[in-house]
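Structure record follows, encoded as structure tokens.
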Amino acid sequence: MIGRSRVAAVVQALLLGVGAGACDLDSCADKVADAQAEMYRDHRWTEEDLPGIGQYVEVHWQTRALGNACSRAPGPTDWEYRGVVRMRTEEAQELLAAYEWTVASPVEVWPALRLLVPTDVEWLHSDSYTKALADQGRPADVYLSPDDALVYFALQS
């Protein structure tokens with residue numbers, strides 16, 4: 001979860017500025033909206049976050065606050081992260097072989113990310129992969145398209 005912790009810290013820094021009270025509620029809401037509209041491309045996701053993704057070619061991801069990120073109440077806000085990872089073909093095949101995958105029902109890909117996915121993509125889902133992540137305290141859903149060497153992920157922190 002180190003990768004996601006760094007991501008959460010980056011997003012929170014974007015939202016809150018440098019010091020406490022750096023933004024009022026209106027400007028905070030604007031910053032949250034900007035952060036949620038942003039398409040991030042940095043390679044923050046690692047094997048620790050998503051085992052088997054290897055040395056991927058590229059990633060596009062977005063984030064959403066699951067609660068009120070501008071609340072004055074103490075405590076962290078949980079975040080959801082979704083992204084499309086373009087893998088190396090051989091690593092996509094290795095991930096396919098490492099777990100049992102079944103054809104997934106239609107997957108809700110966030111609109112901005114949908115533009116990065118072929119319209120005829122067939123996603124596979126692995127209950128054993130999901131369970132392995134959950135057993136490590138990392139709830140996630142991961143979908144694989146080995147033919148396109150793509151992974152679509154949904155993570156929470």
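Identifiers in this document derive from the order of the structure tokens: chains are assigned A, B, ..., residues are numbered from 1 separately in each chain, and ligands are numbered from 1 in order of occurrence.
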
Spatial neighbours of Thr77 in chain A, max dist 9 Å, only C-alpha atoms, sep filter under 3 positions, as an NGL selection string: :A and (12 or 65-71 or 157)

Range 75-152 of chain A: residues DSSP assigns to helix (DSSP H, G or I), reported as number ranges by chain: A: 89-98, 111-114, 127-135

Counting only C-alpha atoms, the residue among A:Glu38, A:Asp120, A:Glu47, A:Asp147 that lies closest to Leu96 in chain A is A:Asp147

What parts of chain A does DSSP call strand (DSSP E)? I'd like the answer as a ChimeraX atom specification. /A:58-65,79-86,102-103,124-125,140-145,150-156

Would you mind listing what lies within 10 Å of Arg88 in chain A as a list in words, with only C-alpha atoms counted and same-chain residues fewer than 4 positions away left out?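 Neighbouring residues, sequence-local ones excluded: Ile53, Gly54, Gln55, Tyr56, Val57, Glu58, Ala92, Gln93, Glu94, Pro146, Asp148, Ala149 and Leu150 of chain A.
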
Enter the distance from CA of Val142 in chain A to CA of Leu124 in chain A, in Å, rounded to one decimal. 8.5 Å
